[in-house]
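**Q** Hey, dropping work23.cif in here, mmCIF, C-alpha atoms (C1' of nucleotides):
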```cif
data_query
loop_
_atom_site.label_atom_id
_atom_site.label_comp_id
_atom_site.auth_asym_id
_atom_site.auth_seq_id
_atom_site.Cartn_x
_atom_site.Cartn_y
_atom_site.Cartn_z
CA MET A 1 9.76 -21.07 -32.54
CA SER A 2 7.01 -22.26 -30.34
CA PRO A 3 3.89 -23.92 -31.73
CA ARG A 4 1.96 -20.72 -31.43
CA ALA A 5 3.39 -17.24 -31.08
CA GLY A 6 1.96 -15.00 -28.41
CA ILE A 7 3.22 -12.88 -25.58
CA VAL A 8 6.23 -13.94 -23.55
CA LEU A 9 7.00 -13.51 -19.87
CA ASP A 10 9.18 -10.48 -20.53
CA ASP A 11 6.27 -8.70 -22.19
CA ILE A 12 4.29 -9.08 -18.99
CA ILE A 13 7.12 -7.83 -16.80
CA ARG A 14 7.85 -4.92 -19.12
CA VAL A 15 4.24 -3.76 -19.20
CA ALA A 16 3.94 -4.28 -15.44
CA ALA A 17 6.94 -1.99 -14.94
CA GLU A 18 5.40 0.62 -17.21
CA ILE A 19 2.12 0.55 -15.32
CA ALA A 20 3.89 0.59 -11.96
CA ASP A 21 5.83 3.74 -12.80
CA ALA A 22 3.10 5.51 -14.76
CA ASN A 23 0.01 4.65 -12.73
CA GLY A 24 1.20 3.26 -9.41
CA LEU A 25 1.73 -0.21 -8.02
CA GLN A 26 -1.93 -0.58 -7.14
CA GLU A 27 -2.74 -0.51 -10.83
CA VAL A 28 -0.53 -3.49 -11.54
CA THR A 29 -3.31 -6.07 -11.77
CA MET A 30 -3.89 -9.11 -13.91
CA ALA A 31 -6.89 -7.32 -15.39
CA ASN A 32 -4.88 -4.24 -16.40
CA LEU A 33 -1.99 -6.28 -17.75
CA ALA A 34 -4.35 -8.31 -19.89
CA LYS A 35 -5.98 -5.16 -21.26
CA ARG A 36 -2.64 -3.65 -22.21
CA LEU A 37 -1.46 -6.90 -23.81
CA LEU A 38 -4.75 -7.36 -25.67
CA ILE A 39 -5.47 -10.77 -24.22
CA LYS A 40 -7.86 -12.08 -21.58
CA SER A 41 -6.52 -12.25 -18.06
CA PRO A 42 -6.61 -16.06 -17.70
CA SER A 43 -4.20 -16.26 -20.64
CA LEU A 44 -1.56 -14.61 -18.47
CA TYR A 45 -1.41 -17.78 -16.42
CA ASN A 46 0.16 -19.57 -19.38
CA HIS A 47 3.24 -17.48 -18.62
CA ILE A 48 3.23 -16.71 -14.93
CA SER A 49 1.82 -18.35 -11.83
CA GLY A 50 0.02 -15.31 -10.52
CA LEU A 51 0.45 -11.89 -8.93
CA PRO A 52 2.95 -12.99 -6.27
CA GLU A 53 5.38 -14.27 -8.90
CA LEU A 54 4.80 -11.14 -10.96
CA PHE A 55 5.72 -8.88 -8.06
CA ASN A 56 8.74 -10.99 -7.22
CA ARG A 57 10.03 -10.70 -10.76
CA LEU A 58 9.23 -7.00 -10.87
CA THR A 59 11.07 -6.45 -7.60
CA LEU A 60 14.13 -8.25 -8.92
CA LEU A 61 14.06 -6.15 -12.10
CA ALA A 62 13.72 -3.00 -10.01
CA LEU A 63 16.66 -3.90 -7.78
CA GLU A 64 18.85 -4.78 -10.77
CA ASN A 65 18.12 -1.50 -12.53
CA PHE A 66 18.47 0.48 -9.34
CA TYR A 67 21.82 -1.11 -8.54
CA ALA A 68 23.10 -0.58 -12.08
CA GLU A 69 22.27 3.11 -11.98
CA LEU A 70 23.78 3.65 -8.54
CA LYS A 71 26.92 1.79 -9.51
CA GLN A 72 27.25 3.69 -12.76
CA ALA A 73 26.86 7.00 -10.94
CA THR A 74 29.76 6.34 -8.58
CA LEU A 75 32.21 4.95 -11.18
CA GLY A 76 35.55 6.70 -10.97
CA LEU A 77 34.49 8.92 -8.10
CA GLU A 78 35.78 9.01 -4.58
CA LYS A 79 34.84 10.21 -1.14
CA LYS A 80 32.44 13.12 -0.98
CA GLU A 81 31.99 13.14 -4.73
CA ALA A 82 31.03 9.49 -4.81
CA ILE A 83 28.57 10.00 -1.99
CA HIS A 84 26.88 12.93 -3.63
CA ALA A 85 26.75 11.16 -6.98
CA LEU A 86 25.18 8.09 -5.41
CA SER A 87 22.72 10.23 -3.49
CA GLN A 88 21.69 12.15 -6.57
CA SER A 89 21.33 8.97 -8.57
CA TYR A 90 19.23 7.48 -5.77
CA ILE A 91 16.75 10.35 -5.79
CA GLU A 92 16.58 10.39 -9.56
CA PHE A 93 15.79 6.71 -9.77
CA ALA A 94 12.98 7.18 -7.28
CA ARG A 95 11.60 10.08 -9.31
CA ASN A 96 11.92 8.35 -12.67
CA HIS A 97 10.66 5.01 -11.42
CA PRO A 98 8.34 5.61 -8.49
CA GLY A 99 6.65 2.24 -8.84
CA LEU A 100 9.86 0.25 -9.14
CA TYR A 101 11.46 2.27 -6.36
CA GLU A 102 8.65 1.36 -3.98
CA LEU A 103 9.34 -2.29 -4.67
CA THR A 104 13.04 -1.89 -3.88
CA ILE A 105 12.36 -0.66 -0.37
CA GLU A 106 9.88 -3.32 0.68
CA ALA A 107 11.39 -5.92 2.96
CA PRO A 108 12.50 -8.73 0.67
CA ASN A 109 11.13 -12.19 1.34
CA PRO A 110 14.17 -14.02 2.77
CA LYS A 111 13.26 -17.05 0.64
CA GLN A 112 13.88 -15.08 -2.54
CA LYS A 113 17.62 -15.51 -2.62
CA ASP A 114 18.08 -13.52 -5.82
CA ILE A 115 16.14 -10.57 -4.43
CA VAL A 116 17.99 -10.64 -1.12
CA HIS A 117 21.25 -10.80 -3.04
CA MET A 118 20.50 -7.70 -5.11
CA ALA A 119 19.30 -5.80 -2.04
CA ASP A 120 22.57 -6.73 -0.33
CA LYS A 121 24.57 -5.46 -3.29
CA ILE A 122 22.92 -2.05 -2.99
CA ILE A 123 23.77 -1.90 0.70
CA ALA A 124 27.33 -2.98 -0.12
CA LEU A 125 27.58 -0.10 -2.57
CA ILE A 126 26.45 2.34 0.09
CA THR A 127 28.98 0.80 2.45
CA GLU A 128 31.71 1.31 -0.12
CA VAL A 129 31.12 5.01 -0.60
CA LEU A 130 31.12 5.49 3.16
CA SER A 131 34.36 3.56 3.70
CA PRO A 132 36.70 6.59 3.23
CA PHE A 133 35.38 7.88 6.53
CA HIS A 134 37.26 5.10 8.31
CA LEU A 135 34.60 4.56 10.89
CA ALA A 136 35.07 2.04 13.66
CA GLU A 137 32.93 -1.11 13.54
CA GLU A 138 29.72 -0.07 15.21
CA ASN A 139 29.93 3.45 13.92
CA LEU A 140 30.16 2.18 10.38
CA ILE A 141 26.90 0.30 10.83
CA HIS A 142 25.34 3.39 12.40
CA ALA A 143 26.50 5.49 9.46
CA ILE A 144 25.20 3.05 6.88
CA ARG A 145 21.84 2.89 8.60
CA GLY A 146 21.71 6.65 8.88
CA PHE A 147 22.63 7.22 5.28
CA ARG A 148 20.08 4.68 4.04
CA SER A 149 17.48 6.34 6.26
CA LEU A 150 18.00 9.84 4.99
CA LEU A 151 18.15 8.71 1.37
CA HIS A 152 14.92 6.80 1.62
CA GLY A 153 13.18 9.34 3.79
CA PHE A 154 13.95 12.18 1.45
CA ALA A 155 13.09 10.17 -1.66
CA PHE A 156 9.82 9.03 -0.16
CA ILE A 157 8.59 12.41 1.03
CA ASP A 158 9.67 13.94 -2.26
CA LEU A 159 7.74 11.30 -4.21
CA LYS A 160 4.62 11.90 -2.19
CA GLY A 161 4.83 15.62 -2.89
CA GLY A 162 5.48 16.25 0.79
CA PHE A 163 7.91 19.11 0.22
CA GLY A 164 5.50 21.93 -0.51
CA MET A 165 7.41 25.05 0.44
CA PRO A 166 8.78 27.17 -2.41
CA VAL A 167 12.38 26.20 -1.80
CA ASP A 168 14.48 24.21 -4.24
CA ILE A 169 14.18 20.54 -3.39
CA ASP A 170 17.54 19.47 -4.78
CA GLN A 171 19.27 22.11 -2.69
CA SER A 172 17.53 20.74 0.39
CA PHE A 173 18.80 17.30 -0.51
CA THR A 174 22.38 18.47 -0.93
CA PHE A 175 22.05 20.32 2.38
CA LEU A 176 20.92 17.15 4.11
CA VAL A 177 23.67 14.95 2.72
CA ASP A 178 26.28 17.58 3.50
CA ALA A 179 25.03 18.05 7.04
CA PHE A 180 25.16 14.32 7.63
CA LEU A 181 28.68 14.07 6.24
CA ARG A 182 29.87 16.98 8.33
CA GLY A 183 28.34 15.31 11.36
CA LEU A 184 30.10 12.05 10.51
CA LYS A 185 33.53 13.66 10.59
CA GLU A 186 33.31 14.42 14.29
CA MET B 1 -31.13 6.65 22.50
CA SER B 2 -31.68 5.81 18.90
CA PRO B 3 -34.59 3.67 17.72
CA ARG B 4 -32.39 0.64 17.57
CA ALA B 5 -29.06 0.19 19.28
CA GLY B 6 -26.19 -1.20 17.26
CA ILE B 7 -22.64 -0.26 16.48
CA VAL B 8 -21.62 3.37 16.12
CA LEU B 9 -19.08 5.01 13.85
CA ASP B 10 -16.45 5.08 16.57
CA ASP B 11 -16.68 1.32 16.93
CA ILE B 12 -15.76 0.97 13.27
CA ILE B 13 -12.84 3.38 13.52
CA ARG B 14 -11.56 1.79 16.71
CA VAL B 15 -11.61 -1.72 15.26
CA ALA B 16 -10.09 -0.43 12.02
CA ALA B 17 -7.21 1.06 14.01
CA GLU B 18 -6.72 -2.21 15.87
CA ILE B 19 -6.61 -4.19 12.64
CA ALA B 20 -4.31 -1.65 10.99
CA ASP B 21 -1.73 -1.89 13.77
CA ALA B 22 -2.05 -5.59 14.46
CA ASN B 23 -2.46 -7.01 10.97
CA GLY B 24 -1.51 -4.26 8.54
CA LEU B 25 -3.41 -1.70 6.51
CA GLN B 26 -4.18 -4.18 3.76
CA GLU B 27 -6.30 -6.12 6.24
CA VAL B 28 -8.52 -3.13 6.93
CA THR B 29 -11.42 -4.20 4.72
CA MET B 30 -15.16 -3.92 5.02
CA ALA B 31 -15.28 -7.71 5.18
CA ASN B 32 -12.82 -7.92 8.09
CA LEU B 33 -14.46 -5.05 9.96
CA ALA B 34 -17.85 -6.70 9.65
CA LYS B 35 -16.47 -10.00 10.96
CA ARG B 36 -14.91 -8.33 13.99
CA LEU B 37 -18.08 -6.34 14.71
CA LEU B 38 -20.30 -9.39 14.26
CA ILE B 39 -22.44 -7.85 11.56
CA LYS B 40 -22.70 -8.27 7.80
CA SER B 41 -20.60 -5.92 5.73
CA PRO B 42 -23.49 -4.05 4.07
CA SER B 43 -24.61 -2.97 7.55
CA LEU B 44 -21.43 -0.92 7.84
CA TYR B 45 -22.84 1.42 5.23
CA ASN B 46 -25.46 2.58 7.73
CA HIS B 47 -22.58 4.31 9.50
CA ILE B 48 -19.98 5.16 6.90
CA SER B 49 -20.01 5.85 3.18
CA GLY B 50 -17.31 3.37 2.29
CA LEU B 51 -13.62 2.59 2.49
CA PRO B 52 -12.44 6.05 1.36
CA GLU B 53 -14.24 7.74 4.25
CA LEU B 54 -12.99 5.07 6.61
CA PHE B 55 -9.38 5.70 5.64
CA ASN B 56 -9.85 9.45 5.86
CA ARG B 57 -11.18 9.15 9.39
CA LEU B 58 -8.47 6.68 10.33
CA THR B 59 -5.81 9.01 8.97
CA LEU B 60 -7.18 11.91 10.99
CA LEU B 61 -7.20 9.77 14.13
CA ALA B 62 -3.64 8.69 13.43
CA LEU B 63 -2.42 12.25 12.95
CA GLU B 64 -4.15 13.44 16.12
CA ASN B 65 -2.65 10.68 18.21
CA PHE B 66 0.75 11.08 16.63
CA TYR B 67 0.76 14.83 17.22
CA ALA B 68 -0.38 14.41 20.82
CA GLU B 69 2.45 12.00 21.58
CA LEU B 70 5.09 14.12 19.88
CA LYS B 71 3.89 17.24 21.68
CA GLN B 72 3.78 15.47 25.01
CA ALA B 73 7.32 14.20 24.53
CA THR B 74 8.79 17.66 24.02
CA LEU B 75 6.93 19.43 26.83
CA GLY B 76 9.32 21.37 29.04
CA LEU B 77 12.35 20.41 27.01
CA GLU B 78 14.62 22.61 24.96
CA LYS B 79 17.17 22.43 22.21
CA LYS B 80 18.98 19.13 21.82
CA GLU B 81 16.90 17.52 24.52
CA ALA B 82 13.67 18.46 22.82
CA ILE B 83 14.92 17.17 19.48
CA HIS B 84 16.00 13.84 20.89
CA ALA B 85 12.75 13.47 22.81
CA LEU B 86 10.69 14.19 19.71
CA SER B 87 12.80 11.82 17.66
CA GLN B 88 12.47 9.02 20.16
CA SER B 89 8.74 9.59 20.43
CA TYR B 90 8.49 9.53 16.64
CA ILE B 91 10.16 6.15 16.34
CA GLU B 92 8.15 4.72 19.19
CA PHE B 93 4.85 5.77 17.67
CA ALA B 94 5.84 4.11 14.41
CA ARG B 95 6.75 0.92 16.26
CA ASN B 96 3.66 0.88 18.44
CA HIS B 97 1.28 1.89 15.66
CA PRO B 98 2.73 0.69 12.37
CA GLY B 99 -0.61 0.85 10.60
CA LEU B 100 -1.56 4.29 11.83
CA TYR B 101 1.97 5.55 11.22
CA GLU B 102 1.78 4.52 7.57
CA LEU B 103 -1.35 6.61 7.21
CA THR B 104 0.33 9.67 8.70
CA ILE B 105 3.02 9.70 6.02
CA GLU B 106 0.79 9.35 3.00
CA ALA B 107 0.29 12.59 1.12
CA PRO B 108 -2.90 14.07 2.54
CA ASN B 109 -5.68 14.86 0.09
CA PRO B 110 -5.63 18.68 -0.04
CA LYS B 111 -9.43 18.68 0.09
CA GLN B 112 -9.37 17.14 3.55
CA LYS B 113 -8.78 20.36 5.46
CA ASP B 114 -8.77 18.69 8.87
CA ILE B 115 -6.16 16.17 7.77
CA VAL B 116 -3.99 18.83 6.16
CA HIS B 117 -4.30 20.89 9.33
CA MET B 118 -3.09 18.10 11.60
CA ALA B 119 -0.24 17.25 9.24
CA ASP B 120 0.76 20.92 9.33
CA LYS B 121 0.73 20.91 13.11
CA ILE B 122 3.20 18.06 13.17
CA ILE B 123 5.51 19.92 10.82
CA ALA B 124 5.13 23.03 12.97
CA LEU B 125 6.21 21.03 15.98
CA ILE B 126 9.29 19.85 14.15
CA THR B 127 9.96 23.43 13.13
CA GLU B 128 9.72 24.52 16.76
CA VAL B 129 12.30 22.11 18.07
CA LEU B 130 14.68 23.14 15.31
CA SER B 131 14.26 26.86 15.95
CA PRO B 132 17.04 27.16 18.58
CA PHE B 133 19.48 26.58 15.76
CA HIS B 134 18.67 30.03 14.41
CA LEU B 135 18.90 29.03 10.81
CA ALA B 136 18.45 31.54 8.04
CA GLU B 137 15.29 31.31 5.94
CA GLU B 138 16.16 28.77 3.30
CA ASN B 139 18.39 26.82 5.60
CA LEU B 140 15.56 26.42 8.06
CA ILE B 141 13.44 24.83 5.34
CA HIS B 142 16.34 22.61 4.33
CA ALA B 143 16.82 21.57 7.95
CA ILE B 144 13.13 20.80 8.45
CA ARG B 145 13.04 18.73 5.28
CA GLY B 146 16.21 16.93 6.27
CA PHE B 147 14.99 16.17 9.75
CA ARG B 148 11.63 14.90 8.50
CA SER B 149 13.47 12.75 5.98
CA LEU B 150 15.75 11.07 8.43
CA LEU B 151 12.98 10.50 10.93
CA HIS B 152 10.73 8.89 8.39
CA GLY B 153 13.49 7.01 6.64
CA PHE B 154 14.75 5.47 9.85
CA ALA B 155 11.26 4.67 11.12
CA PHE B 156 10.28 3.08 7.83
CA ILE B 157 13.33 0.86 7.40
CA ASP B 158 13.11 -0.11 11.06
CA LEU B 159 9.44 -1.07 10.65
CA LYS B 160 10.18 -3.21 7.62
CA GLY B 161 12.86 -5.03 9.55
CA GLY B 162 15.51 -3.56 7.26
CA PHE B 163 18.15 -3.17 9.97
CA GLY B 164 19.42 -6.70 10.21
CA MET B 165 22.96 -6.33 11.53
CA PRO B 166 23.50 -7.22 15.19
CA VAL B 167 23.96 -3.63 16.29
CA ASP B 168 21.61 -1.82 18.63
CA ILE B 169 19.01 0.00 16.57
CA ASP B 170 18.28 2.74 19.07
CA GLN B 171 21.96 3.59 19.25
CA SER B 172 22.02 3.89 15.48
CA PHE B 173 19.10 6.26 15.68
CA THR B 174 20.75 8.45 18.28
CA PHE B 175 23.91 8.42 16.18
CA LEU B 176 21.97 9.63 13.14
CA VAL B 177 20.18 12.43 14.94
CA ASP B 178 23.39 13.56 16.61
CA ALA B 179 25.30 13.51 13.35
CA PHE B 180 22.63 15.61 11.69
CA LEU B 181 22.60 18.10 14.55
CA ARG B 182 26.39 18.39 14.54
CA GLY B 183 26.23 18.98 10.82
CA LEU B 184 23.60 21.68 11.30
CA LYS B 185 25.82 23.70 13.57
CA GLU B 186 28.34 24.44 10.87
"C1'" DA C 1 -50.65 -0.60 25.99
"C1'" DA C 2 -50.63 -0.23 20.93
"C1'" DG C 3 -49.12 1.65 17.08
"C1'" DA C 4 -45.86 4.85 14.54
"C1'" DT C 5 -41.14 6.03 13.71
"C1'" DA C 6 -36.48 5.67 12.61
"C1'" DA C 7 -32.45 3.61 12.41
"C1'" DA C 8 -30.37 -0.47 12.90
"C1'" DA C 9 -29.85 -4.92 10.96
"C1'" DC C 10 -30.63 -8.02 7.13
"C1'" DT C 11 -30.84 -10.47 2.16
"C1'" DA C 12 -30.16 -10.20 -2.65
"C1'" DA C 13 -27.89 -8.47 -6.43
"C1'" DT C 14 -24.08 -6.22 -9.35
"C1'" DA C 15 -19.48 -5.40 -10.62
"C1'" DT C 16 -14.54 -6.14 -10.31
"C1'" DC C 17 -10.83 -8.88 -8.97
"C1'" DA C 18 -7.65 -13.32 -9.06
"C1'" DT C 19 -7.55 -17.79 -10.12
"C1'" DT C 20 -8.63 -22.68 -11.89
"C1'" DA C 21 -10.42 -26.02 -15.20
"C1'" DG C 22 -11.34 -27.30 -19.45
"C1'" DT C 23 -11.76 -26.22 -24.55
"C1'" DT C 24 -10.35 -24.29 -28.89
"C1'" DT C 25 -7.02 -22.35 -31.99
"C1'" DT C 26 -2.94 -22.28 -34.61
"C1'" DA C 27 1.99 -22.18 -35.79
"C1'" DT C 28 5.42 -25.46 -36.50
"C1'" DC C 29 7.30 -30.19 -37.11
"C1'" DT C 30 7.10 -34.78 -38.90
"C1'" DA D 1 -1.78 -33.70 -44.22
"C1'" DG D 2 -1.88 -34.73 -39.77
"C1'" DA D 3 0.22 -34.60 -35.01
"C1'" DT D 4 1.97 -31.70 -31.43
"C1'" DA D 5 2.35 -28.20 -28.18
"C1'" DA D 6 1.63 -24.05 -26.47
"C1'" DA D 7 -0.87 -20.22 -27.04
"C1'" DA D 8 -5.34 -18.32 -26.78
"C1'" DC D 9 -10.07 -18.76 -25.25
"C1'" DT D 10 -14.76 -19.46 -22.33
"C1'" DA D 11 -16.88 -20.72 -18.13
"C1'" DA D 12 -16.93 -21.02 -13.39
"C1'" DT D 13 -15.63 -20.08 -8.33
"C1'" DG D 14 -14.78 -17.30 -4.56
"C1'" DA D 15 -13.39 -12.84 -2.50
"C1'" DT D 16 -14.15 -8.04 -2.47
"C1'" DA D 17 -16.87 -3.39 -2.29
"C1'" DT D 18 -21.01 -1.46 -2.96
"C1'" DT D 19 -26.18 -0.54 -3.84
"C1'" DA D 20 -31.10 -1.43 -3.38
"C1'" DG D 21 -34.65 -2.94 -1.02
"C1'" DT D 22 -36.65 -5.53 3.11
"C1'" DT D 23 -37.09 -6.75 7.90
"C1'" DT D 24 -36.34 -6.02 12.72
"C1'" DT D 25 -36.63 -3.61 16.91
"C1'" DA D 26 -35.85 -0.03 20.41
"C1'" DT D 27 -37.96 4.15 21.56
"C1'" DC D 28 -41.59 7.71 21.27
"C1'" DT D 29 -46.35 9.17 20.90
"C1'" DT D 30 -50.97 8.79 21.74
#
```
Spell out the structure here as structure tokens.
**A**
Amino acid sequence: MSPRAGIVLDDIIRVAAEIADANGLQEVTMANLAKRLLIKSPSLYNHISGLPELFNRLTLLALENFYAELKQATLGLEKKEAIHALSQSYIEFARNHPGLYELTIEAPNPKQKDIVHMADKIIALITEVLSPFHLAEENLIHAIRGFRSLLHGFAFIDLKGGFGMPVDIDQSFTFLVDAFLRGLKE
Amino acid sequence: MSPRAGIVLDDIIRVAAEIADANGLQEVTMANLAKRLLIKSPSLYNHISGLPELFNRLTLLALENFYAELKQATLGLEKKEAIHALSQSYIEFARNHPGLYELTIEAPNPKQKDIVHMADKIIALITEVLSPFHLAEENLIHAIRGFRSLLHGFAFIDLKGGFGMPVDIDQSFTFLVDAFLRGLKE
DNA sequence: AAGATAAAACTAATATCATTAGTTTTATCT
DNA sequence: AGATAAAACTAATGATATTAGTTTTATCTT
């Protein structure tokens, strides 16, 4: 064991994730982390170089968890079923982890190889579930971009409470995915 | 004229909009505004109550401009043409005014009646262009939500530079809108 | 033309951040 | 029992938003 027991890096990241999802990314501050960990904020610098590193690590964690859930959701499924499962899983992650989800959609810093890699894996997963449509080169890219767009757009507006009408939100989501898939077939 | 000439509220809002679009929302600070207006930051409080009011006013300006451009784009057009024109105008506003666009998609504070009103007008416009599809009640809501989602999702990912493949982005956008419209017809 | 007015600017101060430097504390190892 | 190392700490700096109080100055009144 180390000369003196105290918090470890993972404690910081874990609490940061909790704050991000419960109170919003803007509440993830050195001051708030220190309060929750019952230490003074300068002590955090014994474990992490500052807020930029914290957000990088939090983004990586978010992408890993997001990927794992999406992957899990599609296991053993094919075609339309796989697409709907991935879509549903996508929306649920955003709802359950609004703070982490926001981090997953920010443009990754190209220097952060690990982050770029995880972001690429998510796009590869989306590509996989779209592959049964046998789209020609450019159309496949169009379809991937379109699918990513509607997933994120719906998740985002939903998160912000932008769907106010008294109509079931999940049904609207299924409607959207179905409409897009029908449109793809032609 | 007033007892002593200086800046006026509109100067602050105008410069705030410039900074928002050129440097990002996070650069819209009292400190930066004061620098650009060649005054000290406390002097700004002679004209505005603080950052919250500034962002409220900036959001209203953004929504007004956004609505005006969307409306203008659809004038005299019908059906598919109107939808494509509105879509194209949507993406262009986001590209030309990334800072203002971000403000238009935040959930409006329900207490800000004027902001809510403008946001509603934009949704009404989207509803209008979708009306030729003669969708039944719930399906109309689904379609509106879906269309808003794909517009925002595409605009957002585009803004963040998330479409990296060497395939024309505007073609992808047209592909997405067309696919959705085809899907709506069934 | 001189003084009053009002609204603009200002300085000074407080509070909250992130961060750095330097000091103290303390669990473990020798 | 003392050395070590890494954790905690305090103190300080610089950026931010904001408030309070003072000064400046263009216009209006007499």
**Q** Mind listing as a VMD selection string which residues of chain A are within 12 Å of chain D, counting only C-alpha atoms (C1' of nucleotides)?
**A** chain A and resid 1 to 8 38 to 47
**Q** On this structure, which residues satisfy the PyMOL selection byres ((chain C) within 8 of (chain A)), written as a PyMOL selection string?
**A** chain C and resi 17-19+26-28
**Q** Got a sec to pull out which chain A residues are within 10 Å of chain B, counting only C-alpha atoms, and send them as a ChimeraX atom specification?
**A** /A:105-108,137-163,165-186
**Q** Taking the file above as input, evaluate the PyMOL selection byres ((chain A and resi 87) around 9) and report the hits as a list in words.
**A**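 Selection result, ordered by chain and number: Leu70, Ala82, Ile83, His84, Ala85, Leu86, Gln88, Ser89, Tyr90, Ile91, Glu92, Leu151, Phe173, Thr174 and Val177 of chain A.
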**Q** Evaluated on this file, the PyMOL selection byres ((chain A and resi 109) around 12) picks out some residues - which ones are they, written as a PDB file with C-alpha atoms, in the coordinates of the input?
**A**
```pdb
ATOM      1  CA  PRO A  52       2.950 -12.990  -6.270  1.00  0.00           C
ATOM      2  CA  GLU A  53       5.380 -14.270  -8.900  1.00  0.00           C
ATOM      3  CA  PHE A  55       5.720  -8.880  -8.060  1.00  0.00           C
ATOM      4  CA  ASN A  56       8.740 -10.990  -7.220  1.00  0.00           C
ATOM      5  CA  THR A  59      11.070  -6.450  -7.600  1.00  0.00           C
ATOM      6  CA  LEU A  60      14.130  -8.250  -8.920  1.00  0.00           C
ATOM      7  CA  LEU A 103       9.340  -2.290  -4.670  1.00  0.00           C
ATOM      8  CA  THR A 104      13.040  -1.890  -3.880  1.00  0.00           C
ATOM      9  CA  ILE A 105      12.360  -0.660  -0.370  1.00  0.00           C
ATOM     10  CA  GLU A 106       9.880  -3.320   0.680  1.00  0.00           C
ATOM     11  CA  ALA A 107      11.390  -5.920   2.960  1.00  0.00           C
ATOM     12  CA  PRO A 108      12.500  -8.730   0.670  1.00  0.00           C
ATOM     13  CA  PRO A 110      14.170 -14.020   2.770  1.00  0.00           C
ATOM     14  CA  LYS A 111      13.260 -17.050   0.640  1.00  0.00           C
ATOM     15  CA  GLN A 112      13.880 -15.080  -2.540  1.00  0.00           C
ATOM     16  CA  LYS A 113      17.620 -15.510  -2.620  1.00  0.00           C
ATOM     17  CA  ASP A 114      18.080 -13.520  -5.820  1.00  0.00           C
ATOM     18  CA  ILE A 115      16.140 -10.570  -4.430  1.00  0.00           C
ATOM     19  CA  VAL A 116      17.990 -10.640  -1.120  1.00  0.00           C
ATOM     20  CA  HIS A 117      21.250 -10.800  -3.040  1.00  0.00           C
ATOM     21  CA  ALA A 119      19.300  -5.800  -2.040  1.00  0.00           C
TER      22      ALA A 119
ATOM     23  CA  LYS B 160      10.180  -3.210   7.620  1.00  0.00           C
ATOM     24  CA  GLY B 161      12.860  -5.030   9.550  1.00  0.00           C
ATOM     25  CA  GLY B 162      15.510  -3.560   7.260  1.00  0.00           C
TER      26      GLY B 162
END
```
**Q** Hey, can you check how far CA of Arg95 (chain A) sits from CA of Thr127 (chain B)?
**A**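 According to the coordinates, CA of Arg95 (chain A) and CA of Thr127 (chain B) are separated by 26.2 Å.
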**Q** Grab the CA of Tyr67 (chain A) to CA of Leu9 (chain A) distance for me, in Å with one decimal place.
**A** 22.4 Å
**Q** To one decimal place, how far is CA of Leu135 (chain A) from CA of Lys79 (chain A) in Å?
**A**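 Atom-to-atom, CA of Leu135 (chain A) to CA of Lys79 (chain A), that is 13.3 Å.
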**Q** For Glu69 (chain B), which residue out of B:Phe93, B:Gly24, B:Gly164, B:Leu54 is the nearest one, using only C-alpha atoms?
**A**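 Closest to Glu69 (chain B), using only C-alpha atoms: B:Phe93.
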**Q** Taking all listed atoms of region 1-14 of chain D, build the axis-aligned box, pad each of the six sides by 6 Å, then write its centre and edge lengths in Å to one decimal as lines of an AutoDock Vina configuration file.
**A**
```
center_x = -7.3
center_y = -26.0
center_z = -24.4
size_x = 31.3
size_y = 29.4
size_z = 51.7
```
